[in-house]
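Structure below is my_file_25.txt: compact mmCIF, C-alpha atoms and all ligand atoms.
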# COMPACT_ATOMS: atom_id res chain seq x y z
CA MET A 318 -88.50 -20.19 29.19
CA PHE A 319 -85.62 -18.65 27.29
CA GLU A 320 -87.58 -17.50 24.23
CA HIS A 321 -87.93 -13.94 25.46
CA ILE A 322 -84.16 -13.42 25.94
CA GLU A 323 -82.65 -10.72 23.81
CA ALA A 324 -79.04 -10.71 22.68
CA ALA A 325 -76.76 -8.51 24.77
CA PRO A 326 -74.77 -5.89 22.87
CA ALA A 327 -71.14 -6.81 22.17
CA ASP A 328 -68.71 -5.54 24.79
CA PRO A 329 -67.26 -2.22 23.52
CA ILE A 330 -63.69 -3.45 24.13
CA LEU A 331 -63.62 -7.25 24.24
CA GLY A 332 -66.17 -7.41 21.39
CA LEU A 333 -63.61 -5.64 19.21
CA GLY A 334 -61.13 -8.44 19.82
CA GLU A 335 -63.60 -10.96 18.44
CA ALA A 336 -64.24 -8.82 15.37
CA PHE A 337 -60.49 -8.38 14.88
CA LYS A 338 -59.90 -12.13 14.97
CA ALA A 339 -62.47 -12.61 12.24
CA GLU A 340 -60.88 -9.84 10.10
CA THR A 341 -59.23 -11.34 7.01
CA ARG A 342 -57.40 -8.32 5.58
CA GLN A 343 -53.65 -8.84 5.88
CA ASN A 344 -52.76 -5.30 6.94
CA LYS A 345 -55.15 -5.28 9.92
CA ILE A 346 -54.10 -3.44 13.09
CA ASN A 347 -55.60 -3.93 16.55
CA LEU A 348 -55.51 -0.77 18.68
CA GLY A 349 -58.51 -1.86 20.73
CA ILE A 350 -58.00 -3.89 23.87
CA GLY A 351 -55.39 -2.67 26.35
CA VAL A 352 -52.71 -5.27 25.87
CA TYR A 353 -49.01 -4.51 25.56
CA LYS A 354 -47.29 -5.50 22.32
CA ASN A 355 -43.61 -5.37 21.48
CA ASN A 356 -42.20 -3.94 18.28
CA GLN A 357 -42.92 -7.24 16.52
CA GLY A 358 -46.58 -6.97 17.49
CA ASP A 359 -46.35 -9.86 20.00
CA THR A 360 -47.44 -9.97 23.64
CA PRO A 361 -44.52 -11.93 25.08
CA ILE A 362 -44.24 -13.64 28.46
CA MET A 363 -41.90 -11.50 30.55
CA ARG A 364 -38.47 -13.00 31.29
CA ALA A 365 -38.87 -12.98 35.08
CA VAL A 366 -42.31 -14.55 34.77
CA LYS A 367 -40.96 -17.36 32.59
CA GLU A 368 -38.15 -18.03 35.06
CA ALA A 369 -40.50 -17.96 38.06
CA GLU A 370 -42.83 -20.39 36.28
CA ARG A 371 -39.92 -22.73 35.64
CA ARG A 372 -39.02 -22.64 39.35
CA LEU A 373 -42.65 -23.07 40.38
CA PHE A 374 -42.91 -26.19 38.28
CA GLU A 375 -40.14 -27.72 40.43
CA LEU A 376 -41.31 -26.25 43.74
CA GLU A 377 -45.02 -26.97 43.58
CA THR A 378 -46.00 -30.03 45.59
CA THR A 379 -49.80 -29.87 45.74
CA LYS A 380 -52.87 -28.62 43.96
CA ASN A 381 -54.82 -28.31 47.20
CA TYR A 382 -57.24 -25.38 47.56
CA LEU A 383 -55.86 -21.96 48.38
CA ALA A 384 -57.29 -20.01 51.31
CA ILE A 385 -60.26 -17.76 50.48
CA ASP A 386 -57.95 -14.74 50.33
CA GLY A 387 -55.41 -16.50 48.10
CA VAL A 388 -51.61 -16.71 48.25
CA ALA A 389 -50.47 -15.01 51.48
CA GLU A 390 -47.06 -14.02 50.12
CA PHE A 391 -48.72 -12.46 47.06
CA ASN A 392 -51.00 -10.39 49.27
CA ALA A 393 -48.06 -9.16 51.37
CA ARG A 394 -46.02 -8.17 48.28
CA THR A 395 -49.01 -6.43 46.74
CA LYS A 396 -49.36 -4.14 49.75
CA GLU A 397 -45.67 -3.25 49.52
CA LEU A 398 -45.99 -2.40 45.87
CA LEU A 399 -49.02 -0.21 46.51
CA PHE A 400 -47.97 1.72 49.60
CA GLY A 401 -44.17 1.26 49.70
CA ALA A 402 -42.41 -1.36 51.83
CA ASP A 403 -41.81 1.01 54.74
CA SER A 404 -45.21 2.67 54.77
CA ASP A 405 -46.90 3.37 58.10
CA ILE A 406 -50.06 1.69 56.89
CA LEU A 407 -48.16 -1.59 56.63
CA LYS A 408 -46.40 -1.13 59.96
CA GLN A 409 -49.75 -0.49 61.63
CA GLU A 410 -51.27 -3.49 59.79
CA ARG A 411 -54.16 -1.36 58.61
CA ALA A 412 -54.15 -2.77 55.05
CA LYS A 413 -55.67 -6.15 54.18
CA THR A 414 -55.42 -7.68 50.73
CA VAL A 415 -57.23 -10.53 49.07
CA GLN A 416 -56.11 -12.01 45.79
CA SER A 417 -58.73 -11.54 43.07
CA LEU A 418 -59.54 -12.61 39.52
CA GLY A 419 -57.77 -9.75 37.80
CA GLY A 420 -58.55 -6.07 38.30
CA THR A 421 -62.16 -6.63 37.24
CA GLY A 422 -62.62 -9.25 39.95
CA ALA A 423 -61.16 -6.85 42.50
CA LEU A 424 -63.59 -4.14 41.38
CA ARG A 425 -66.50 -6.51 41.74
CA ILE A 426 -65.37 -7.40 45.28
CA ALA A 427 -65.07 -3.67 46.00
CA ALA A 428 -68.58 -3.02 44.70
CA GLU A 429 -70.06 -5.87 46.75
CA PHE A 430 -68.20 -4.67 49.85
CA ILE A 431 -69.45 -1.10 49.36
CA LYS A 432 -73.01 -2.27 48.84
CA ARG A 433 -73.09 -4.61 51.84
CA GLN A 434 -70.85 -2.88 54.38
CA THR A 435 -71.01 0.88 53.85
CA ASN A 436 -73.67 3.59 53.75
CA ALA A 437 -72.44 4.99 50.44
CA LYS A 438 -75.35 6.52 48.52
CA ASN A 439 -73.41 7.07 45.32
CA VAL A 440 -70.30 6.03 43.52
CA TRP A 441 -68.75 8.89 41.53
CA ILE A 442 -67.17 7.78 38.28
CA SER A 443 -65.21 9.92 35.85
CA ASN A 444 -66.71 10.74 32.47
CA PRO A 445 -65.22 9.23 30.37
CA THR A 446 -64.10 6.03 32.02
CA TRP A 447 -63.50 2.37 31.33
CA PRO A 448 -67.01 1.14 30.35
CA ASN A 449 -66.91 -1.80 32.76
CA HIS A 450 -66.82 0.56 35.76
CA ASN A 451 -70.40 1.60 35.11
CA ALA A 452 -71.44 -1.97 34.31
CA ILE A 453 -70.00 -3.39 37.55
CA PHE A 454 -71.60 -0.83 39.86
CA LYS A 455 -74.88 -1.11 37.99
CA ALA A 456 -74.79 -4.88 38.39
CA VAL A 457 -74.42 -4.51 42.14
CA GLY A 458 -77.13 -1.85 42.34
CA ILE A 459 -75.14 1.15 43.53
CA ASN A 460 -76.24 4.56 42.30
CA ILE A 461 -73.76 6.03 39.83
CA ARG A 462 -72.94 9.73 39.52
CA GLU A 463 -70.50 11.14 37.02
CA TYR A 464 -67.82 13.76 37.34
CA ARG A 465 -66.46 15.50 34.29
CA TYR A 466 -62.84 14.62 33.58
CA TYR A 467 -61.84 15.50 30.04
CA ASP A 468 -61.71 18.84 28.29
CA ALA A 469 -62.13 17.70 24.68
CA GLU A 470 -61.42 21.11 23.19
CA ASN A 471 -58.08 21.60 24.87
CA LYS A 472 -57.28 17.88 25.21
CA ARG A 473 -56.49 18.16 28.90
CA LEU A 474 -57.89 17.35 32.31
CA ASP A 475 -61.11 19.28 32.90
CA TRP A 476 -59.92 20.26 36.36
CA GLU A 477 -62.45 23.03 36.99
CA HIS A 478 -65.48 20.90 36.13
CA LEU A 479 -64.03 17.90 37.97
CA LEU A 480 -63.88 19.99 41.15
CA GLU A 481 -67.30 21.47 40.53
CA ASP A 482 -68.92 18.04 40.09
CA LEU A 483 -67.09 16.38 42.95
CA SER A 484 -68.03 19.21 45.29
CA LEU A 485 -71.50 17.62 45.14
CA ALA A 486 -70.24 14.27 46.48
CA GLU A 487 -71.59 13.72 49.97
CA GLN A 488 -70.00 12.29 53.06
CA GLY A 489 -69.71 8.52 52.69
CA ASP A 490 -69.96 8.60 48.88
CA VAL A 491 -67.43 6.53 47.00
CA VAL A 492 -65.18 8.37 44.56
CA LEU A 493 -63.57 6.12 42.00
CA LEU A 494 -60.14 7.34 40.90
CA HIS A 495 -57.77 5.87 38.33
CA GLY A 496 -54.43 5.43 40.12
CA CYS A 497 -52.47 6.30 36.97
CA CYS A 498 -52.76 6.08 33.18
CA HIS A 499 -56.40 7.11 33.21
CA ASN A 500 -58.41 4.80 30.98
CA PRO A 501 -59.33 5.98 28.33
CA THR A 502 -57.77 9.47 28.30
CA GLY A 503 -54.19 8.77 29.43
CA ILE A 504 -54.39 12.03 31.40
CA ASP A 505 -53.61 11.96 35.13
CA PRO A 506 -53.80 14.65 37.81
CA THR A 507 -50.49 16.33 38.67
CA PRO A 508 -48.97 15.72 42.15
CA GLU A 509 -50.39 19.10 43.22
CA GLN A 510 -53.84 18.18 41.95
CA TRP A 511 -53.66 14.84 43.81
CA GLN A 512 -52.91 16.81 46.98
CA ILE A 513 -55.92 19.06 46.45
CA LEU A 514 -58.20 16.10 45.75
CA ALA A 515 -56.95 14.12 48.73
CA LYS A 516 -57.51 17.09 51.02
CA MET A 517 -60.97 17.68 49.63
CA SER A 518 -61.80 13.99 49.99
CA ALA A 519 -60.62 13.85 53.63
CA GLU A 520 -62.53 17.02 54.52
CA LYS A 521 -65.72 15.83 52.86
CA GLY A 522 -65.46 12.28 54.21
CA TRP A 523 -65.54 10.39 50.90
CA LEU A 524 -64.50 6.78 50.59
CA PRO A 525 -61.86 6.73 47.83
CA LEU A 526 -61.67 3.67 45.60
CA PHE A 527 -58.55 3.46 43.46
CA ASP A 528 -58.58 1.44 40.27
CA PHE A 529 -54.86 0.82 39.86
CA ALA A 530 -54.45 -1.37 36.81
CA TYR A 531 -51.39 0.18 35.15
CA GLN A 532 -48.80 0.70 37.89
CA GLY A 533 -45.42 1.09 36.18
CA PHE A 534 -46.74 2.21 32.79
CA ALA A 535 -46.61 6.00 33.30
CA ASN A 536 -43.33 6.94 34.99
CA GLY A 537 -42.28 4.11 37.33
CA LEU A 538 -43.65 1.86 40.07
CA ASP A 539 -43.26 4.37 42.91
CA GLU A 540 -43.87 7.43 40.75
CA ASP A 541 -47.19 6.01 39.54
CA ALA A 542 -48.36 5.39 43.11
CA ILE A 543 -48.17 9.06 44.02
CA GLY A 544 -51.93 9.61 43.85
CA LEU A 545 -52.72 6.56 45.94
CA ARG A 546 -50.03 7.33 48.49
CA THR A 547 -51.14 10.96 48.77
CA PHE A 548 -54.65 9.77 49.56
CA ALA A 549 -53.36 7.08 51.92
CA ALA A 550 -51.50 9.73 53.92
CA ASN A 551 -54.73 11.72 54.32
CA HIS A 552 -57.30 8.98 54.90
CA LYS A 553 -58.02 6.41 57.55
CA GLU A 554 -60.03 4.35 55.09
CA LEU A 555 -59.72 3.60 51.41
CA LEU A 556 -60.09 0.79 48.88
CA VAL A 557 -57.84 -0.34 46.03
CA SER A 558 -58.38 -2.66 43.08
CA SER A 559 -55.07 -3.50 41.47
CA SER A 560 -54.05 -5.73 38.62
CA TYR A 561 -51.02 -7.68 37.39
CA SER A 562 -52.50 -8.24 33.94
CA LYS A 563 -50.55 -5.40 32.39
CA ASN A 564 -47.38 -4.88 34.43
CA PHE A 565 -46.67 -8.63 34.60
CA GLY A 566 -48.31 -9.43 31.26
CA LEU A 567 -50.36 -12.07 33.09
CA TYR A 568 -53.58 -11.29 31.24
CA ASN A 569 -54.97 -14.80 30.99
CA GLU A 570 -53.90 -15.88 34.48
CA ARG A 571 -56.35 -13.37 35.98
CA VAL A 572 -54.22 -11.98 38.79
CA GLY A 573 -55.36 -8.96 40.72
CA ALA A 574 -55.94 -7.84 44.28
CA PHE A 575 -58.51 -6.07 46.39
CA THR A 576 -57.02 -4.10 49.28
CA LEU A 577 -58.81 -2.29 52.04
CA VAL A 578 -57.30 0.15 54.47
CA ALA A 579 -59.06 0.78 57.78
CA GLY A 580 -58.42 3.07 60.75
CA THR A 581 -56.95 0.32 62.94
CA ALA A 582 -55.64 -3.21 62.50
CA ASP A 583 -58.64 -4.55 64.44
CA ILE A 584 -61.19 -2.89 62.22
CA ALA A 585 -59.26 -3.99 59.14
CA ASN A 586 -59.27 -7.60 60.36
CA LYS A 587 -63.01 -7.53 60.97
CA ALA A 588 -63.67 -5.97 57.57
CA LEU A 589 -61.48 -8.65 56.00
CA THR A 590 -63.78 -11.37 57.31
CA GLN A 591 -66.63 -9.71 55.40
CA VAL A 592 -64.54 -9.48 52.25
CA LYS A 593 -63.80 -13.17 52.56
CA SER A 594 -67.46 -14.03 52.83
CA ILE A 595 -68.05 -12.06 49.63
CA VAL A 596 -65.32 -14.05 47.87
CA ARG A 597 -66.71 -17.33 49.20
CA THR A 598 -70.06 -16.67 47.54
CA LEU A 599 -68.57 -15.39 44.30
CA TYR A 600 -65.92 -18.02 43.49
CA SER A 601 -64.92 -19.62 46.80
CA ASN A 602 -61.17 -19.16 46.46
CA PRO A 603 -58.85 -18.08 43.66
CA ALA A 604 -56.50 -19.94 41.31
CA SER A 605 -52.91 -20.32 42.36
CA HIS A 606 -50.58 -20.15 39.39
CA GLY A 607 -50.51 -16.46 38.49
CA ALA A 608 -50.38 -15.18 42.05
CA ALA A 609 -47.68 -17.69 43.03
CA THR A 610 -45.66 -16.49 40.02
CA VAL A 611 -46.00 -12.83 41.01
CA ALA A 612 -45.09 -13.63 44.63
CA LEU A 613 -41.99 -15.48 43.49
CA VAL A 614 -40.81 -12.60 41.29
CA LEU A 615 -41.49 -9.89 43.85
CA GLY A 616 -39.84 -11.92 46.60
CA ASP A 617 -36.61 -12.56 44.70
CA LYS A 618 -34.20 -9.64 44.38
CA GLN A 619 -32.80 -10.64 40.99
CA LEU A 620 -36.10 -11.60 39.41
CA LYS A 621 -37.67 -8.41 40.70
CA ALA A 622 -34.87 -6.28 39.25
CA ASP A 623 -35.20 -8.03 35.91
CA TRP A 624 -38.98 -7.54 35.93
CA GLU A 625 -38.59 -3.84 36.68
CA GLN A 626 -36.08 -3.48 33.88
CA GLU A 627 -38.33 -5.15 31.32
CA LEU A 628 -41.29 -3.11 32.50
CA ALA A 629 -39.25 0.07 32.03
CA GLN A 630 -38.42 -1.03 28.47
CA MET A 631 -42.11 -1.54 27.76
CA ARG A 632 -42.92 1.89 29.15
CA ASP A 633 -40.15 3.48 27.06
CA ARG A 634 -41.29 1.77 23.89
CA ILE A 635 -44.79 3.20 24.30
CA LYS A 636 -43.34 6.66 24.89
CA GLN A 637 -41.20 6.36 21.74
CA MET A 638 -44.23 5.31 19.74
CA ARG A 639 -46.14 8.36 20.98
CA HIS A 640 -43.39 10.64 19.59
CA ARG A 641 -43.15 8.76 16.30
CA PHE A 642 -46.93 8.74 15.91
CA VAL A 643 -47.18 12.51 16.32
CA GLU A 644 -44.22 13.07 13.98
CA LEU A 645 -45.64 10.87 11.25
CA LEU A 646 -49.17 12.24 11.47
CA LYS A 647 -47.61 15.62 10.73
CA GLU A 648 -45.48 14.20 7.92
CA TYR A 649 -48.57 12.69 6.28
CA GLY A 650 -50.26 16.07 6.36
CA ALA A 651 -52.51 16.14 9.43
CA GLN A 652 -53.73 19.68 9.98
CA GLN A 653 -54.48 19.24 13.68
CA ASP A 654 -51.88 19.56 16.39
CA PHE A 655 -51.45 16.08 17.91
CA ASN A 656 -48.72 17.03 20.38
CA PHE A 657 -51.09 16.32 23.26
CA ILE A 658 -50.56 12.58 22.58
CA ILE A 659 -46.97 12.89 23.83
CA GLU A 660 -48.16 14.13 27.21
CA GLN A 661 -50.55 11.24 27.87
CA ASN A 662 -49.61 8.35 30.16
CA GLY A 663 -49.72 4.60 29.73
CA MET A 664 -51.09 2.50 26.92
CA PHE A 665 -53.97 4.68 25.87
CA SER A 666 -54.41 7.82 23.92
CA PHE A 667 -57.66 9.62 23.56
CA SER A 668 -57.03 10.52 19.94
CA GLY A 669 -59.93 12.88 19.38
CA LEU A 670 -61.23 10.64 16.54
CA THR A 671 -65.02 10.59 16.35
CA PRO A 672 -66.99 7.31 16.41
CA GLU A 673 -67.65 7.74 12.68
CA GLN A 674 -63.94 8.21 11.97
CA VAL A 675 -63.17 5.10 14.04
CA ASP A 676 -65.77 3.21 11.98
CA SER A 677 -64.14 4.39 8.74
CA LEU A 678 -60.74 3.26 9.98
CA LYS A 679 -62.17 -0.20 10.51
CA ASP A 680 -64.28 -0.41 7.37
CA GLU A 681 -61.81 1.11 4.94
CA PHE A 682 -58.43 0.28 6.46
CA ALA A 683 -58.91 -2.72 8.83
CA ILE A 684 -57.71 -0.61 11.77
CA TYR A 685 -59.57 -1.40 14.99
CA ALA A 686 -59.93 1.10 17.86
CA VAL A 687 -62.54 1.76 20.54
CA ARG A 688 -65.40 3.93 19.24
CA SER A 689 -64.74 6.53 21.93
CA GLY A 690 -61.58 7.38 19.99
CA ARG A 691 -59.33 5.52 22.42
CA ILE A 692 -56.34 3.91 20.75
CA ASN A 693 -53.88 1.52 22.31
CA VAL A 694 -50.49 3.07 21.57
CA ALA A 695 -48.83 -0.20 22.64
CA GLY A 696 -50.36 -1.77 19.52
CA ILE A 697 -48.30 0.52 17.26
CA THR A 698 -45.09 -0.93 15.82
CA GLU A 699 -42.40 0.25 13.41
CA ASP A 700 -44.04 -2.00 10.80
CA ASN A 701 -47.57 -0.68 11.04
CA ILE A 702 -47.04 2.97 12.03
CA ARG A 703 -46.76 4.42 8.53
CA TYR A 704 -49.86 2.68 7.26
CA LEU A 705 -51.67 3.72 10.44
CA CYS A 706 -50.77 7.41 10.20
CA GLU A 707 -51.48 7.58 6.47
CA SER A 708 -54.91 5.98 7.07
CA ILE A 709 -55.76 8.28 9.98
CA VAL A 710 -54.90 11.35 7.92
CA LYS A 711 -57.15 10.08 5.10
CA VAL A 712 -59.99 9.55 7.55
CA LEU A 713 -59.52 13.00 9.07
C1 LIG A 801 -58.97 -2.31 28.38
O1 LIG A 801 -59.46 -1.27 28.83
O2 LIG A 801 -58.79 -2.48 27.16
C2 LIG A 801 -58.51 -3.39 29.30
O3 LIG A 801 -58.68 -2.98 30.61
C3 LIG A 801 -59.10 -4.70 29.00
C4 LIG A 801 -60.53 -4.82 29.41
O4 LIG A 801 -60.84 -5.74 30.16
O5 LIG A 801 -61.36 -4.02 28.98

Take the structure in the file and write it out as structure tokens.
Amino acid sequence: MFEHIEAAPADPILGLGEAFKAETRQNKINLGIGVYKNNQGDTPIMRAVKEAERRLFELETTKNYLAIDGVAEFNARTKELLFGADSDILKQERAKTVQSLGGTGALRIAAEFIKRQTNAKNVWISNPTWPNHNAIFKAVGINIREYRYYDAENKRLDWEHLLEDLSLAEQGDVVLLHGCCHNPTGIDPTPEQWQILAKMSAEKGWLPLFDFAYQGFANGLDEDAIGLRTFAANHKELLVSSSYSKNFGLYNERVGAFTLVAGTADIANKALTQVKSIVRTLYSNPASHGAATVALVLGDKQLKADWEQELAQMRDRIKQMRHRFVELLKEYGAQQDFNFIIEQNGMFSFSGLTPEQVDSLKDEFAIYAVRSGRINVAGITEDNIRYLCESIVKVL
């Protein structure tokens, strides 16, 4: 029965991790998967997380099932983080959140919800985007349309083409937007551009879906929510997939959230029942540990302050590395102007390297990056940056 099955291609991002593990060269560098690393090249457990886990160990009294929508306190704190604690949406109880298995799980819930409960004909996805976006919507059977996002020549947002393509999105279509730190380009709309998009979306009657996986990695927790909050102020309805993998470093605990905003609390409550029936058929109910940890940190003034401080340090380290990277590329003789890397947000930089150049980096120098030319700046350290820049210049 299984003889006809063909091997699936390796995942363009997670597949790299497997190849990197098997790499035996000592000087290997992993700039593939979007995971934060400190200057020693480690992905540490954040201080506030460690402390919350210690407290949880004492506080936990049962391993009974969670509710379908997960840890209630976690869901409440998530909404505050997304929209701001004093947002009207929260006061009006128009937002409903369910805990999910990471940001990917939240996206899958979103896709199932769109397919089953809306009339959306298309989901509009930026080109380029995180490859799993296309895979998730394809898996659910929703038609995918692309909007241009990146101007490769000028290394900036392709604003004119983005508007041109999105002007074709029809009423009821879903438009997928990256809340901040666009993956893979690191280029986000300006506050003015968010305003224009939100207005266009409200006028046209799109259903916005925000993928918000990197809150806190561009400029700050509130600053990074500007796009989402601009849309929220203009729309009765929207969807959000958010993640705590990156900003809490809880990658392997799989902690994310799916949030829907409806026109009234009643409608939101009804829609929530449908979201819960989706979750019930996918995985019944989520795991507790990661979400309970996040809820504890966000609900404790001191732990929250400590978390924010450490997150700011992570953000600053990435920014420093961007500057150093550009400086050293120049020092090693790169002819191109790489200053655009300084302007990009979050972990990723769309370096402009071609797939062939990325292959050479791997084959000749044991440096792993995504073939699209995306590099994870958080994987650069003081120890590997010189070798990295020297190798890139050779490949160029
Ligand atoms: C990435 O883009 O590297 C991360 O979001 C990890 C993943 O799941 O692909």

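Take CA of Gly503 (chain A) and CA of Val457 (chain A): the distance between them is 27.3 Å.
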
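Between ligand LIG 801 (chain A) and the residues A:Trp476, A:Phe391, A:Phe565, A:Tyr531, the shortest atom-to-atom distance, using only C-alpha atoms and all ligand atoms, involves A:Tyr531.
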
Min atom-atom distance to Pro603 (chain A) from the set A:Gly334, A:Gly533, A:Gly387, A:Pro508, counting all atoms listed in the file, belongs to A:Gly387

Could you give me, as an NGL selection string, the residues that sit within 12 Å of (-43.3, 5.2, 22.2) in the file's coordinates, counting all atoms listed in the file?
:A and (353-356 or 534-535 or 629-644 or 658-666 or 693-699 or 702)

Can you tell me which residues come within 9 Å of ligand LIG 801 (chain A) when counting all atoms listed in the file, ideally as an MDAnalysis selection string?
chainID A and resid 328:331 349:352 420:421 447:449 500:501 530 562:563 568 665 687 693

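Nearest-residue note for Phe529 (chain A): choosing from A:Lys367, A:Lys455, A:His499, A:His478, the minimum distance belongs to A:His499, counting all atoms listed in the file.
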